[in-house]
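K.L.:
Here you go, one structure.
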Amino acid sequence: MKINKKIEKNLLLIIYCMFFVMLNLIICVTGLFSNINSFANDLMYQKEKSINPDIKIIAIDDKSLEELGEINNWTRDYYTQLVRKLNENNHAPAVIGFDILFTGKQDAIIDKQFADECMKANNVVVAMNLLFGTEVNVSENLINANLSITGVSTAYPELFNATESGYVNTILDANDGYVRKCIPVVKTNNNIYDSFSYKIYSKYQSYIGEEANEYDYNSPLRFNYSSMPNEQYTIISFSDVINGKIPLNDFKGSIVLVGAFAEGLQDSFYVPISRGIKMHGVQIHANIIEAYSRNDFVKDVCLVLNIIIASIIIILVAIFTYNAKIVKLSVIITITCLSILVSQTILYNLGYYLPLLNVILNILLIYIVQIVYQYVYEKTIKTKAIRAFKKYVDPQVVDNVIKTGNYQIELGGEKVDIACLFVDIRGFTTISESLDPTDVVIIINEYLSLTSKAILNNKGTLDKYIGDATMAIFNAPFETKDYVYNAVLTGMEIAAGSSVIEKKFLEQYGVKVSFGIGINCGKAVVGNIGSNFRMDYTAIGDTVNTASRLEGKAAPGEILITEAVYDAVKDRIDAEFVDSYQFKGKKEFIKVYRVLGKK
C-alpha cells in the first residue's frame with residue numbers, strides 16, 4: 001500500500017521533532033549539560049556590585065597565626081578580648097558573627113569569661129553545624145524537603161545559651177562543587193534552624209529598625225555574589241584588632257564577621273564569580289548577607305516545567321526549519337538563540353533560573369543536521385543532474401566544466417586539428433516506414449548505444465546525434481595522442497558491432513540494419529556554437545563537411561577515409577584506394593580509401 005506523500009512528509013516531521021524532544025529530555029533528566037549551563041550562567045550573571053560598607057571581616061590570617069601562634073593553641077581569651085574591644089566605649093557593632101565552631105570545653109574559667117562577655121554584648125552570633133547520617137550527602141539533603149538531620153553540633157552550653165546561633169553548612173553544587181545556593185531556614189519535624197548568614201542579616205535589620213525578608217522553609221535559593229575573593233570588603237587582621245592597631249570606632253553599627261582567612265585552615269570554596277579561584281567561607285557569608293539585603297536570589301524553575309518549555313521551543317524550531325533553505329535556516333536559528341538568551345536574562349532578573357543552554361545546543365544540533373542533510377541532498381541531486389546532463393552533452397565536456405569550475409560558458413571557438421567521424425544507418429527511412437514506431441525506437445537506441453560506446457572507448461568526443469546519424473570528433477576538447485588512429489579504430493569497432501546488430505534485427509524484425517562510416521582529419525573551428533541561451537560544443541568547417549559527405553558515399557558496412565587520414569595511419573591500417581571524388585562545394589578531387597582492417 002502506497003503512503004500518501006503528504007502523510008509520509010508529516011510522519012517524517014513528527015519523527016524528526018520527537019528525536020530532538022527525546023534528546024532534550026535525556027539531557028534534562030541526566031543533567032548532561034549542567035556544568036556547561038552553570039558555567040554560562042556564571043559568566044552572564046555573576047558580576048561585581050557595590051557592597052554595603054558596614055560589612056567588615058576580621059580575618060584569622062597568616063599574620064595573626066604568626067603573631068598569636070597556631071590556632072589550635074589559642075585560648076578563647078583571644079575571642080573574649082575581641083568581643084570586649086569591639087563593644088567598649090559606645091562603638092559596638094550591630095552584630096558580631098563568628099564563623100567558628102566553639103564546640104567542646106577548654107578552660108572552664110576562660111570559657112565562662114567568653115560566654116559572659118558575649119551575653120553582656122548581646123550582639124554575638126556563633127556557628128553551629130547540622131549533622132547527617134554518614135551515608136547522606138549534605139548538599140542533597142539540604143535541598144530535600146524531607147531532611148534527615150541526625151543532630152546539631154553547637155557551641156559549648158554556656159556560650160550557646162549566651163549567644164544566638166546559625167548553621168554554617170555549605171551547599172556545594174553536586175556537579176562541579178561550586179557554592180551557588182543557600183537555604184535561609186531549615187525546618188525538620190521538631191525544629192527550625194536559621195542559617196548563620198540569615199541570622200546575622202535578621203539581627204542587623206532589627207538593629208537598623210527594618211523588617212527582615214522572610215523565606216520559605218527548606219527553600220534552596222541561588223544567590224548573586226557582590227564581591228570577588230579578597231576584594232571590596234574591608235578585611236582586617238585579627239591580631240591587629242587584638243593588639244589595638246585599628247581604630248575601633250570604625251566598627252560602630254556594622255556587621256563584623258570573624259573567620260578563617262589562612263589557606264592552611266582549609267575553609268575556602270570555589271565560587272561562580274571567580275572561576276577557578278577559591279573564596280574563604282567567611283567572605284561567602286558576607287556575599288550571602290549582601291544578597292539578603294537586596295533580596296538578590298533566583299529560584300530554579302522546576303524540572304517538569306523546564307522540559308515542557310524546552311520541548312515547545314525545540315518542536316517549533318524543528319517545524320519551521322525542516323527542509324528550509326540555508327539563509328532562512330540561519331536566520332531562524334540566530335533569532336531563536338538570541339531570543340532564548342534575552343528571555344533567560346529577563347527571567348533571571350525576575351528571580352527565576354531556567355537553564356536553556358541545553359535548548360540552544362539542541363537548536364544548534366538541528367542546524368548542523370539540516371546543513372549536513374541539505375549538503376548531502378544537494379550533492380545527490382547534483383550527481384543525478386550531472387549523470388542526466390551527460391546523456392545530453394558529451395561526458396568529457398561536462399567533466400571538464402566541473403573540474404575547472406568554469407561555469408561561465410561563453411560563445412566562441414578556436415582552430416584545432418581534429419579527426420571527424422560520421423556514421424548513420426543505411427536505408428533508415430525505408431526501415432522506419434515498415435516498422436512500428438516502438439520497434440524503430442528500439443533499433444535506433446541500440447544503434448546509438450553501439451556508436452556512443454565505441455567513440456568513448458577510443459577517447460573521442462560524442463558531438464551530437466543527427467536523426468539516425470552520429471557525429472564524433474577527436475583531439476577536442478582535449479588533446480590526445482594518435483587521435484586520427486583512434487578515429488579509425490572507432491569506425492572499425494562500430495563496423496564490428498554492426499554485424500551483430502544486423503543479424504539480431506534481421507531475425508527479430510525482418511529488416512537489414514547496416515551502417516556507413518566516413519572519417520576525415522584536418523583543421524576545424526571547435527567551440528561553443530549557438531546563442532547565449534542555447535549552445536552546443538561542436539566542430540564546424542570544411543573538415544567536418546567532407547567527413548559528412550564521405551559517410552554519404554559509404555556503402556553498408558563500409559568505412560571510407562580521406563587521403564589525409566590514410567597518410568596518418570597507413571603504417572598500421574590496411575586500406576585500399578576506392579576512387580577520387582569531387583564533393584559538393586569543393587573544386588578539387590579527394591582521394592578516398594576503404595578501411596580493410598589492422599595490419
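FYI, nothing fancy with the C-alpha cells labels: chains A, B, ... in order, residues from 1 per chain, ligands from 1 as they appear.
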Compile the contact shell of stretch 444-460 of chain A as a PDB file with N, CA, C and O atoms, in the first residue's frame: residues with an atom at most 7 Å away, counting only C-alpha atoms, same-chain residues fewer than 2 positions apart removed.

P.N.:
```
ATOM      1  N   VAL A 440      11.057   0.930 -34.061  1.00  0.00           N
ATOM      2  CA  VAL A 440      12.042   1.853 -34.638  1.00  0.00           C
ATOM      3  C   VAL A 440      12.909   2.453 -33.519  1.00  0.00           C
ATOM      4  O   VAL A 440      14.136   2.568 -33.647  1.00  0.00           O
ATOM      5  N   VAL A 441      12.247   2.838 -32.424  1.00  0.00           N
ATOM      6  CA  VAL A 441      12.977   3.435 -31.287  1.00  0.00           C
ATOM      7  C   VAL A 441      13.957   2.425 -30.698  1.00  0.00           C
ATOM      8  O   VAL A 441      15.095   2.765 -30.352  1.00  0.00           O
ATOM      9  N   ILE A 442      13.545   1.159 -30.598  1.00  0.00           N
ATOM     10  CA  ILE A 442      14.433   0.118 -30.059  1.00  0.00           C
ATOM     11  C   ILE A 442      15.674  -0.017 -30.936  1.00  0.00           C
ATOM     12  O   ILE A 442      16.804  -0.105 -30.456  1.00  0.00           O
ATOM     13  N   LEU A 462      31.718  12.603 -28.235  1.00  0.00           N
ATOM     14  CA  LEU A 462      30.432  12.441 -28.910  1.00  0.00           C
ATOM     15  C   LEU A 462      29.844  13.828 -29.124  1.00  0.00           C
ATOM     16  O   LEU A 462      29.405  14.483 -28.184  1.00  0.00           O
ATOM     17  N   ASP A 468      19.318   9.737 -37.470  1.00  0.00           N
ATOM     18  CA  ASP A 468      19.907   8.407 -37.329  1.00  0.00           C
ATOM     19  C   ASP A 468      21.424   8.440 -37.509  1.00  0.00           C
ATOM     20  O   ASP A 468      22.067   7.400 -37.587  1.00  0.00           O
ATOM     21  N   ALA A 472      31.185  12.437 -34.284  1.00  0.00           N
ATOM     22  CA  ALA A 472      32.191  12.419 -33.220  1.00  0.00           C
ATOM     23  C   ALA A 472      33.425  13.166 -33.684  1.00  0.00           C
ATOM     24  O   ALA A 472      33.738  13.187 -34.881  1.00  0.00           O
ATOM     25  N   ILE A 473      34.112  13.813 -32.751  1.00  0.00           N
ATOM     26  CA  ILE A 473      35.381  14.470 -33.061  1.00  0.00           C
ATOM     27  C   ILE A 473      36.452  13.933 -32.120  1.00  0.00           C
ATOM     28  O   ILE A 473      36.164  13.481 -31.007  1.00  0.00           O
ATOM     29  N   PHE A 474      37.674  14.005 -32.563  1.00  0.00           N
ATOM     30  CA  PHE A 474      38.815  13.507 -31.797  1.00  0.00           C
ATOM     31  C   PHE A 474      39.869  14.608 -31.713  1.00  0.00           C
ATOM     32  O   PHE A 474      40.055  15.371 -32.658  1.00  0.00           O
ATOM     33  N   ASN A 486      42.854   6.758 -33.526  1.00  0.00           N
ATOM     34  CA  ASN A 486      41.726   6.445 -32.641  1.00  0.00           C
ATOM     35  C   ASN A 486      40.395   6.567 -33.381  1.00  0.00           C
ATOM     36  O   ASN A 486      39.460   5.795 -33.145  1.00  0.00           O
ATOM     37  N   THR A 490      37.710   3.596 -33.943  1.00  0.00           N
ATOM     38  CA  THR A 490      36.293   3.754 -33.598  1.00  0.00           C
ATOM     39  C   THR A 490      35.404   3.238 -34.724  1.00  0.00           C
ATOM     40  O   THR A 490      34.432   2.507 -34.500  1.00  0.00           O
ATOM     41  N   GLU A 493      35.456  -0.489 -34.752  1.00  0.00           N
ATOM     42  CA  GLU A 493      34.688  -1.080 -33.640  1.00  0.00           C
ATOM     43  C   GLU A 493      33.191  -1.007 -33.932  1.00  0.00           C
ATOM     44  O   GLU A 493      32.444  -1.947 -33.651  1.00  0.00           O
ATOM     45  N   ILE A 494      32.753   0.111 -34.535  1.00  0.00           N
ATOM     46  CA  ILE A 494      31.338   0.238 -34.902  1.00  0.00           C
ATOM     47  C   ILE A 494      30.975  -0.787 -35.971  1.00  0.00           C
ATOM     48  O   ILE A 494      29.918  -1.444 -35.910  1.00  0.00           O
ATOM     49  N   GLY A 497      30.668  -4.219 -34.471  1.00  0.00           N
ATOM     50  CA  GLY A 497      29.450  -4.363 -33.685  1.00  0.00           C
ATOM     51  C   GLY A 497      28.208  -4.373 -34.539  1.00  0.00           C
ATOM     52  O   GLY A 497      27.180  -4.969 -34.182  1.00  0.00           O
TER      53      GLY A 497
END
```

K.L.:
Tell me, as number ranges by chain, which residues lie within 8 Å of stretch 177-194 of chain A, counting only C-alpha atoms; anything in the same chain fewer than 3 positions away does not count.

P.N.:
A: 142-143, 146-149, 165-167, 170-174, 197-199, 215-224, 269-272, 288

K.L.:
Would you mind exporting N, CA and C atoms of the selected residues as an mmCIF file, in the first residue's frame?

P.N.:
```cif
data_model
loop_
_atom_site.group_PDB
_atom_site.id
_atom_site.type_symbol
_atom_site.label_atom_id
_atom_site.label_comp_id
_atom_site.auth_asym_id
_atom_site.auth_seq_id
_atom_site.Cartn_x
_atom_site.Cartn_y
_atom_site.Cartn_z
ATOM 1 N N LEU A 142 20.137 19.044 52.154
ATOM 2 C CA LEU A 142 19.718 20.398 52.488
ATOM 3 C C LEU A 142 18.658 20.884 51.506
ATOM 4 N N ILE A 143 18.701 20.359 50.293
ATOM 5 C CA ILE A 143 17.732 20.756 49.281
ATOM 6 C C ILE A 143 16.496 19.868 49.331
ATOM 7 N N ASN A 146 12.458 16.572 52.823
ATOM 8 C CA ASN A 146 12.392 15.556 53.876
ATOM 9 C C ASN A 146 13.781 15.380 54.486
ATOM 10 N N LEU A 147 14.194 16.377 55.238
ATOM 11 C CA LEU A 147 15.551 16.369 55.787
ATOM 12 C C LEU A 147 15.728 15.261 56.822
ATOM 13 N N SER A 148 16.907 14.660 56.775
ATOM 14 C CA SER A 148 17.211 13.592 57.744
ATOM 15 C C SER A 148 18.387 14.030 58.602
ATOM 16 N N ILE A 149 18.131 15.054 59.410
ATOM 17 C CA ILE A 149 19.185 15.571 60.287
ATOM 18 C C ILE A 149 19.246 14.697 61.541
ATOM 19 N N SER A 165 22.643 31.444 67.405
ATOM 20 C CA SER A 165 23.413 30.526 66.556
ATOM 21 C C SER A 165 22.755 30.376 65.190
ATOM 22 N N GLY A 166 23.583 30.054 64.216
ATOM 23 C CA GLY A 166 23.092 29.757 62.868
ATOM 24 C C GLY A 166 23.973 28.689 62.232
ATOM 25 N N TYR A 167 23.358 27.831 61.431
ATOM 26 C CA TYR A 167 24.152 26.729 60.857
ATOM 27 C C TYR A 167 25.006 27.250 59.697
ATOM 28 N N THR A 170 27.806 24.331 54.224
ATOM 29 C CA THR A 170 27.929 24.897 52.876
ATOM 30 C C THR A 170 27.288 23.968 51.860
ATOM 31 N N ILE A 171 26.472 24.534 50.981
ATOM 32 C CA ILE A 171 25.827 23.742 49.925
ATOM 33 C C ILE A 171 26.706 23.791 48.674
ATOM 34 N N LEU A 172 27.277 22.674 48.330
ATOM 35 C CA LEU A 172 28.118 22.585 47.140
ATOM 36 C C LEU A 172 27.305 22.033 45.976
ATOM 37 N N ASP A 173 27.500 22.616 44.798
ATOM 38 C CA ASP A 173 26.841 22.101 43.603
ATOM 39 C C ASP A 173 27.313 20.678 43.352
ATOM 40 N N ALA A 174 26.359 19.770 43.190
ATOM 41 C CA ALA A 174 26.700 18.357 43.034
ATOM 42 C C ALA A 174 27.521 18.089 41.775
ATOM 43 N N SER A 197 24.175 33.099 58.029
ATOM 44 C CA SER A 197 24.071 34.381 57.312
ATOM 45 C C SER A 197 22.712 35.028 57.539
ATOM 46 N N TYR A 198 21.636 34.215 57.511
ATOM 47 C CA TYR A 198 20.301 34.764 57.689
ATOM 48 C C TYR A 198 20.111 35.296 59.108
ATOM 49 N N LYS A 199 20.685 34.600 60.073
ATOM 50 C CA LYS A 199 20.585 35.057 61.472
ATOM 51 C C LYS A 199 21.262 36.416 61.629
ATOM 52 N N TYR A 215 11.620 33.932 54.115
ATOM 53 C CA TYR A 215 11.773 32.952 53.046
ATOM 54 C C TYR A 215 11.154 31.624 53.460
ATOM 55 N N ASP A 216 10.730 30.871 52.481
ATOM 56 C CA ASP A 216 10.127 29.569 52.756
ATOM 57 C C ASP A 216 11.142 28.629 53.394
ATOM 58 N N TYR A 217 10.617 27.759 54.266
ATOM 59 C CA TYR A 217 11.490 26.757 54.872
ATOM 60 C C TYR A 217 12.035 25.812 53.796
ATOM 61 N N ASN A 218 13.275 25.412 53.987
ATOM 62 C CA ASN A 218 13.926 24.393 53.137
ATOM 63 C C ASN A 218 13.939 24.782 51.656
ATOM 64 N N SER A 219 13.895 26.096 51.395
ATOM 65 C CA SER A 219 13.851 26.561 50.007
ATOM 66 C C SER A 219 15.260 26.930 49.536
ATOM 67 N N PRO A 220 15.836 26.121 48.631
ATOM 68 C CA PRO A 220 17.179 26.453 48.125
ATOM 69 C C PRO A 220 17.107 27.627 47.161
ATOM 70 N N LEU A 221 17.957 28.611 47.359
ATOM 71 C CA LEU A 221 17.955 29.814 46.530
ATOM 72 C C LEU A 221 19.344 30.037 45.942
ATOM 73 N N ARG A 222 19.368 30.321 44.639
ATOM 74 C CA ARG A 222 20.622 30.768 44.034
ATOM 75 C C ARG A 222 20.822 32.224 44.456
ATOM 76 N N PHE A 223 22.025 32.556 44.857
ATOM 77 C CA PHE A 223 22.271 33.947 45.220
ATOM 78 C C PHE A 223 23.350 34.537 44.313
ATOM 79 N N ASN A 224 23.253 35.825 44.088
ATOM 80 C CA ASN A 224 24.233 36.529 43.266
ATOM 81 C C ASN A 224 25.313 37.117 44.158
ATOM 82 N N PHE A 269 36.283 27.810 49.278
ATOM 83 C CA PHE A 269 35.484 27.052 48.315
ATOM 84 C C PHE A 269 35.507 27.766 46.960
ATOM 85 N N TYR A 270 35.237 26.990 45.907
ATOM 86 C CA TYR A 270 35.111 27.578 44.578
ATOM 87 C C TYR A 270 33.769 28.296 44.468
ATOM 88 N N VAL A 271 33.813 29.486 43.849
ATOM 89 C CA VAL A 271 32.601 30.301 43.728
ATOM 90 C C VAL A 271 32.435 30.753 42.273
ATOM 91 N N PRO A 272 31.190 30.969 41.829
ATOM 92 C CA PRO A 272 30.949 31.269 40.408
ATOM 93 C C PRO A 272 31.431 32.626 39.946
ATOM 94 N N ILE A 288 26.434 36.382 50.938
ATOM 95 C CA ILE A 288 25.060 35.922 51.155
ATOM 96 C C ILE A 288 24.259 36.970 51.936
#
```

K.L.:
Taking into account only C-alpha atoms, which residue in the set A:Ala94, A:Ala260, A:Ile60, A:Val484 is nearest to A:Gly209?

P.N.:
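Selected residue with least distance to A:Gly209: A:Ala94.
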
K.L.:
Using only C-alpha atoms, find the one residue out of A:Ala487, A:Ile517, A:Leu560, A:Met471 that sits nearest to A:Phe577.

P.N.:
A:Leu560

K.L.:
Could you go through stretch 290-373 of chain A and tell me which residues DSSP, when run on the backbone, assigns to helix (DSSP H, G or I), listing them as a PyMOL selection string?

P.N.:
chain A and resi 290-294+303-321+326-349+357-373

K.L.:
Please, what distance in Å, to one decimal, runs between atom CA of A:Gly522 and atom CA of A:Ile561?

P.N.:
12.3 Å

K.L.:
Wanna dump the stretch 286-349 of chain A-stretch 50-58 of chain A contacts at 12 Å for me, each residue with its shortest atom pair and the distance in Å to one decimal, counting only C-alpha atoms, ordered by chain and number, as JSON lines?

P.N.:
```
{"residue": "A:Ala286", "atom": "CA", "partner": "A:Ile55", "partner_atom": "CA", "distance": 6.9}
{"residue": "A:Asn287", "atom": "CA", "partner": "A:Ile51", "partner_atom": "CA", "distance": 8.7}
{"residue": "A:Ile288", "atom": "CA", "partner": "A:Ile55", "partner_atom": "CA", "distance": 11.3}
{"residue": "A:Ile289", "atom": "CA", "partner": "A:Ile55", "partner_atom": "CA", "distance": 8.8}
{"residue": "A:Glu290", "atom": "CA", "partner": "A:Asn52", "partner_atom": "CA", "distance": 7.1}
{"residue": "A:Ala291", "atom": "CA", "partner": "A:Ile51", "partner_atom": "CA", "distance": 9.9}
{"residue": "A:Tyr292", "atom": "CA", "partner": "A:Asn52", "partner_atom": "CA", "distance": 11.5}
{"residue": "A:Ser293", "atom": "CA", "partner": "A:Asn52", "partner_atom": "CA", "distance": 9.0}
{"residue": "A:Arg294", "atom": "CA", "partner": "A:Asn52", "partner_atom": "CA", "distance": 10.2}
```

K.L.:
Write the selection just made, keeping N, CA, C and O atoms, as a CSV table (one decimal), in the first residue's frame?

P.N.:
```
chain,number,residue,atom,x,y,z
A,286,ALA,N,29.6,36.9,53.8
A,286,ALA,CA,29.4,38.3,53.6
A,286,ALA,C,28.6,38.5,52.3
A,286,ALA,O,27.7,39.4,52.2
A,287,ASN,N,28.9,37.7,51.2
A,287,ASN,CA,28.1,37.9,50.0
A,287,ASN,C,26.7,37.4,50.1
A,287,ASN,O,25.8,38.0,49.5
A,288,ILE,N,26.4,36.4,50.9
A,288,ILE,CA,25.1,35.9,51.2
A,288,ILE,C,24.3,37.0,51.9
A,288,ILE,O,23.1,37.2,51.6
A,289,ILE,N,24.9,37.6,52.9
A,289,ILE,CA,24.2,38.6,53.7
A,289,ILE,C,23.9,39.8,52.8
A,289,ILE,O,22.8,40.4,52.9
A,290,GLU,N,24.8,40.1,51.9
A,290,GLU,CA,24.5,41.2,50.9
A,290,GLU,C,23.3,40.8,50.0
A,290,GLU,O,22.5,41.6,49.7
A,291,ALA,N,23.2,39.5,49.6
A,291,ALA,CA,22.1,39.1,48.8
A,291,ALA,C,20.8,39.2,49.6
A,291,ALA,O,19.7,39.5,49.0
A,292,TYR,N,20.8,38.9,50.9
A,292,TYR,CA,19.6,39.0,51.7
A,292,TYR,C,19.1,40.5,51.8
A,292,TYR,O,18.0,40.8,51.6
A,293,SER,N,20.1,41.4,51.9
A,293,SER,CA,19.7,42.8,52.0
A,293,SER,C,19.1,43.3,50.7
A,293,SER,O,18.3,44.2,50.7
A,294,ARG,N,19.5,42.7,49.6
A,294,ARG,CA,19.0,43.1,48.3
A,294,ARG,C,17.8,42.2,47.8
A,294,ARG,O,17.2,42.4,46.8
```

K.L.:
Using only C-alpha atoms, can you tell me which of A:Cys28, A:Val256, A:Leu347, A:Ala59 comes closest to A:Pro93?

P.N.:
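Looking only at the distances to A:Pro93, the closest residue turns out to be A:Val256.
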
K.L.:
Apply DSSP to the structure's backbone, then extract all residues of stretch 88-227 of chain A labelled strand (DSSP E or B) and return them as number ranges by chain.

P.N.:
A: 95-98, 124-132, 149-153, 164-167, 181-182, 185-187, 192-195, 221-223

K.L.:
Which residues, written as a ChimeraX atom specification, have at least one atom at most 9 Å from A:Ala495, with only C-alpha atoms counted and residues fewer than 6 positions away on the same chain left out?

P.N.:
/A:514-517,557-559

K.L.:
Near A:Leu357, within 9 Å and counting only C-alpha atoms, which residues show up once chain neighbours fewer than 5 positions away are dropped, as a list in words?

P.N.:
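Surrounding residues, per the criterion: Phe33, Ile36, Asn37, Ala40, Ile340, Leu341 and Asn362 of chain A.
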
K.L.:
Please determine, counting only C-alpha atoms, which residue among A:Ile333, A:Ala496, A:Ala419, A:Ala575 has the shortest atom-to-atom distance to A:Val544.

P.N.:
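So, comparing all the options, the nearest one is A:Ala419.
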
K.L.:
I'd like to know which of A:Tyr483, A:Phe261, A:Tyr367, A:Tyr156 is closest to A:Thr461, using only C-alpha atoms.

P.N.:
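The answer is A:Tyr483, which sits nearest to A:Thr461.
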
K.L.:
Excluding A:Val124 and any residue of its chain fewer than 6 positions from it, enumerate the residues within 6 Å of it, using only C-alpha atoms, and give them as a list in words.

P.N.:
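Counting only C-alpha atoms, the residues come to Val95, Ile96, Gly97 and Thr163 of chain A.
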
K.L.:
Take the residues from that selection and write them out as a short mmCIF file (atom, residue, chain, number, x, y, z; two decimals), in the first residue's frame, keeping C-alpha atoms.

P.N.:
```
data_model
loop_
_atom_site.label_atom_id
_atom_site.label_comp_id
_atom_site.auth_asym_id
_atom_site.auth_seq_id
_atom_site.Cartn_x
_atom_site.Cartn_y
_atom_site.Cartn_z
CA VAL A 95 26.27 42.22 65.15
CA ILE A 96 29.41 40.14 65.53
CA GLY A 97 29.35 36.81 63.69
CA THR A 163 24.51 33.90 72.06
#
```

K.L.:
Given only C-alpha atoms as the basis, pick out the residue of A:Ala121, A:Val376, A:Ile326, A:Val29 nearest to A:Cys302.

P.N.:
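Going through A:Ala121, A:Val376, A:Ile326, A:Val29 one by one, the smallest distance to A:Cys302 is for A:Val29.
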
K.L.:
Show me, as a compact mmCIF listing (two decimals) with N, CA and C atoms, in the first residue's frame, the residues that have an atom within 9 Å of A:Val241 when counting only C-alpha atoms, minus same-chain residues fewer than 5 positions from it.

P.N.:
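Written out: result31.txt:
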```
# COMPACT_ATOMS: atom_id res chain seq x y z
N ILE A 58 36.93 40.41 60.01
CA ILE A 58 38.14 40.27 60.82
C ILE A 58 38.71 38.89 60.52
N LEU A 82 38.50 40.22 71.84
CA LEU A 82 37.95 40.79 70.61
C LEU A 82 36.55 41.35 70.86
N LYS A 85 36.78 44.50 73.14
CA LYS A 85 37.30 45.68 72.45
C LYS A 85 36.27 46.26 71.48
N LEU A 86 35.60 45.38 70.74
CA LEU A 86 34.64 45.85 69.75
C LEU A 86 33.44 46.54 70.39
N ILE A 236 40.37 42.97 57.91
CA ILE A 236 41.31 43.41 58.94
C ILE A 236 41.88 42.19 59.65
N ILE A 246 43.95 49.09 65.28
CA ILE A 246 42.85 49.52 64.41
C ILE A 246 41.92 50.42 65.21
N PRO A 247 41.51 51.58 64.67
CA PRO A 247 40.53 52.43 65.36
C PRO A 247 39.20 51.68 65.51
N LEU A 248 38.80 51.39 66.72
CA LEU A 248 37.63 50.56 66.95
C LEU A 248 36.32 51.28 66.62
```
